[in-house]
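Notes to accompany the following structure.
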Amino acid sequence: MKKVAFIFPGQGSQKIGMGKDFFENSEIAKDMISKASERLGINFEELLFEENDKIGQTEYTQPAILLVSSIANKIFNDKYTIKPEFVLGHSLGEFSALVSAGAIDYLDAIELVHKRGIFMNEACAGAGAGMMALVGLDDLTVEKMCEEQRSKGLNVWAANYNMDGQIVLAGLKTDLESLVDTFKEAGAKRAIVLDMSVASHCELLQSAVENLKPYLEEYLKDEFLTDVISNVTAKAYNTKEEAIELLSEQLINPVKYKHSISSKESDVDAFIEFGNGIVLKGLNRKITKKPTYNVSDFDTLNKTIEALNE
């Protein structure tokens, strides 16, 4: 049997209609969506399947993505028995990974990330926070440039190490906008300020750390079925104590996604992405030669099972 890792996407993977095929064709999905709606007082059928503005608001985006990823993973596990060597997620996706690892119930996780989104919004409220995608510069160059700009009083940090030559920055939107030409002059092929009102994985979220910790302590369990790879360290952990510390630090530290894949690829034959789209599958093509399958509906679910049986 193939050795696999389960991987889970974060914000940016959301889309109206995600999870609809599962909802229309699976009692498991219907039940999970119904229970999530009851738990949070949010109509997830409307949020996921009808045109709305909330899907792009982080306090709604985060539980929606986690719910769809958890549904995909649950339906897959009911159809195909395989224990992952480890699980990992990109930013928010680390919470989906914890659900898969048995370290938190999906309903508790949905409430937890809903609060996480609220705390992130509160930390950035009125600050003019934002994020920028950079393409074409190496890590060291970006880190040195950010450090130099911070020494001049600007608020800008490396936030997501997605793959070689692709880094997302976080900080104040006006500071990021003022640096577009600076990054391009340094060799960046693209420097695009994203349509976001929060600055993830940087010091601007310090207040969110203390707000989130009590809920991590309340909802996380010391019952890991497999290792989870930390966004902060790119290393494995499997205890509640470690999870509380690492998920708190994740808010103010960069996501080491490419480092996580590179350091663990030799342990598996393939990766399986659970949730809407193929964001991580696309990144993995640039990071590893190991295949990445995806489960976002019944068609991709069946194709993934076929590939695993080859």
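Labels for the structure tokens follow display order: chains A, B, ..., residues from 1 in each chain, ligands from 1.
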> Can you tell me, as a PyMOL selection string, what residues are no more than 10 Å from Val99 in chain A when counting only C-alpha atoms, ignoring any on the same chain fewer than 3 positions away?
Replying inline: chain A and resi 66+69-70+73-74+87+93-96+102-110+220+224
Write to file, as a short mmCIF file (atom, residue, chain, number, x, y, z; two decimals), in the first residue's frame, the residues of the selection just made, with N, CA, C and O atoms.
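New file selection08.cif:
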data_model
loop_
_atom_site.label_atom_id
_atom_site.label_comp_id
_atom_site.auth_asym_id
_atom_site.auth_seq_id
_atom_site.Cartn_x
_atom_site.Cartn_y
_atom_site.Cartn_z
N LEU A 66 -12.66 24.98 6.50
CA LEU A 66 -12.41 23.83 7.37
C LEU A 66 -13.52 22.80 7.25
O LEU A 66 -13.26 21.59 7.20
N SER A 69 -13.19 20.88 3.91
CA SER A 69 -12.04 19.98 3.98
C SER A 69 -12.35 18.77 4.85
O SER A 69 -11.97 17.63 4.53
N SER A 70 -13.02 19.01 5.98
CA SER A 70 -13.34 17.91 6.91
C SER A 70 -14.35 16.95 6.30
O SER A 70 -14.26 15.73 6.51
N ASN A 73 -12.46 14.82 3.75
CA ASN A 73 -11.62 13.85 4.44
C ASN A 73 -12.46 12.72 5.05
O ASN A 73 -12.10 11.55 4.99
N LYS A 74 -13.60 13.08 5.66
CA LYS A 74 -14.48 12.08 6.27
C LYS A 74 -15.05 11.12 5.24
O LYS A 74 -15.04 9.89 5.44
N VAL A 87 0.01 14.51 8.70
CA VAL A 87 -0.92 15.45 8.10
C VAL A 87 -0.34 16.86 8.24
O VAL A 87 0.44 17.13 9.17
N GLY A 93 -5.32 25.70 7.28
CA GLY A 93 -5.37 24.27 6.99
C GLY A 93 -4.76 23.40 8.07
O GLY A 93 -5.07 22.21 8.16
N GLU A 94 -3.91 23.99 8.93
CA GLU A 94 -3.34 23.20 10.02
C GLU A 94 -4.43 22.77 11.00
O GLU A 94 -4.32 21.71 11.63
N PHE A 95 -5.49 23.56 11.12
CA PHE A 95 -6.61 23.18 11.99
C PHE A 95 -7.40 22.03 11.36
O PHE A 95 -7.87 21.13 12.07
N SER A 96 -7.56 22.04 10.05
CA SER A 96 -8.19 20.90 9.35
C SER A 96 -7.34 19.65 9.54
O SER A 96 -7.88 18.55 9.71
N GLY A 102 -7.43 13.63 14.66
CA GLY A 102 -8.20 13.26 15.83
C GLY A 102 -7.92 14.12 17.05
O GLY A 102 -8.38 13.81 18.16
N ALA A 103 -7.17 15.22 16.86
CA ALA A 103 -6.78 16.06 17.99
C ALA A 103 -7.82 17.10 18.36
O ALA A 103 -7.69 17.79 19.37
N ILE A 104 -8.86 17.23 17.52
CA ILE A 104 -9.97 18.15 17.82
C ILE A 104 -11.18 17.70 17.02
O ILE A 104 -11.06 17.25 15.86
N ASP A 105 -12.34 17.77 17.63
CA ASP A 105 -13.59 17.46 16.94
C ASP A 105 -13.86 18.55 15.89
O ASP A 105 -13.57 19.72 16.11
N TYR A 106 -14.46 18.16 14.75
CA TYR A 106 -14.64 19.14 13.68
C TYR A 106 -15.55 20.29 14.08
O TYR A 106 -15.34 21.43 13.66
N LEU A 107 -16.55 20.04 14.93
CA LEU A 107 -17.43 21.12 15.36
C LEU A 107 -16.70 22.09 16.29
O LEU A 107 -16.88 23.30 16.20
N ASP A 108 -15.87 21.55 17.17
CA ASP A 108 -15.06 22.42 18.02
C ASP A 108 -14.08 23.23 17.16
O ASP A 108 -13.83 24.42 17.42
N ALA A 109 -13.53 22.58 16.14
CA ALA A 109 -12.58 23.27 15.25
C ALA A 109 -13.26 24.38 14.47
O ALA A 109 -12.68 25.45 14.26
N ILE A 110 -14.49 24.14 14.03
CA ILE A 110 -15.23 25.17 13.29
C ILE A 110 -15.47 26.39 14.16
O ILE A 110 -15.29 27.53 13.73
N LEU A 220 -8.68 21.50 22.16
CA LEU A 220 -7.73 20.50 21.70
C LEU A 220 -7.68 19.30 22.64
O LEU A 220 -7.87 19.43 23.85
N PHE A 224 -3.71 12.31 19.47
CA PHE A 224 -3.25 12.38 18.09
C PHE A 224 -3.13 10.99 17.48
O PHE A 224 -2.43 10.13 18.02
#
>> Which residues are close to range 45-51 of chain A, i.e. within 12 Å by only C-alpha atoms, leaving aside same-chain residues fewer than 6 positions away? Reply as a count of residues only.
In response: 33
> So what do you get for CA of Thr292 in chain A versus CA of Leu140 in chain A, distance-wise?
Replying inline: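 We find that CA of Thr292 in chain A and CA of Leu140 in chain A lie 27.9 Å from each other.
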> What is the distance between CA of Gln166 in chain A and CA of Lys54 in chain A, in Å to one decimal?
Replying inline: 27.9 Å
>> I need the residues in range 99-286 of chain A that are alpha helix (DSSP H) according to DSSP; give them as a PyMOL selection string.
In response: chain A and resi 99-100+106-124+139-151+173-178+180-185+206-219+240-250+257-264+279-286
> Out of range 15-89 of chain A, which residues get strand (DSSP E) from DSSP, as a list in words?
Replying inline: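 Taking range 15-89 of chain A and keeping strand (DSSP E) only, one gets Phe86, Val87, Leu88 and Gly89 of chain A.
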Selection export as a compact mmCIF listing (two decimals), in the first residue's frame, atoms kept: N, CA, C and O atoms:
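To be explicit, this is the file written out as again_27.txt:
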# COMPACT_ATOMS: atom_id res chain seq x y z
N PHE A 86 1.61 11.32 8.02
CA PHE A 86 1.48 12.58 8.75
C PHE A 86 0.44 13.43 8.05
O PHE A 86 -0.01 13.10 6.94
N VAL A 87 0.01 14.51 8.70
CA VAL A 87 -0.92 15.45 8.10
C VAL A 87 -0.34 16.86 8.24
O VAL A 87 0.44 17.13 9.17
N LEU A 88 -0.70 17.73 7.30
CA LEU A 88 -0.27 19.13 7.42
C LEU A 88 -1.24 20.02 6.66
O LEU A 88 -1.96 19.57 5.77
N GLY A 89 -1.27 21.27 7.06
CA GLY A 89 -2.14 22.23 6.39
C GLY A 89 -1.42 23.54 6.19
O GLY A 89 -0.43 23.83 6.86
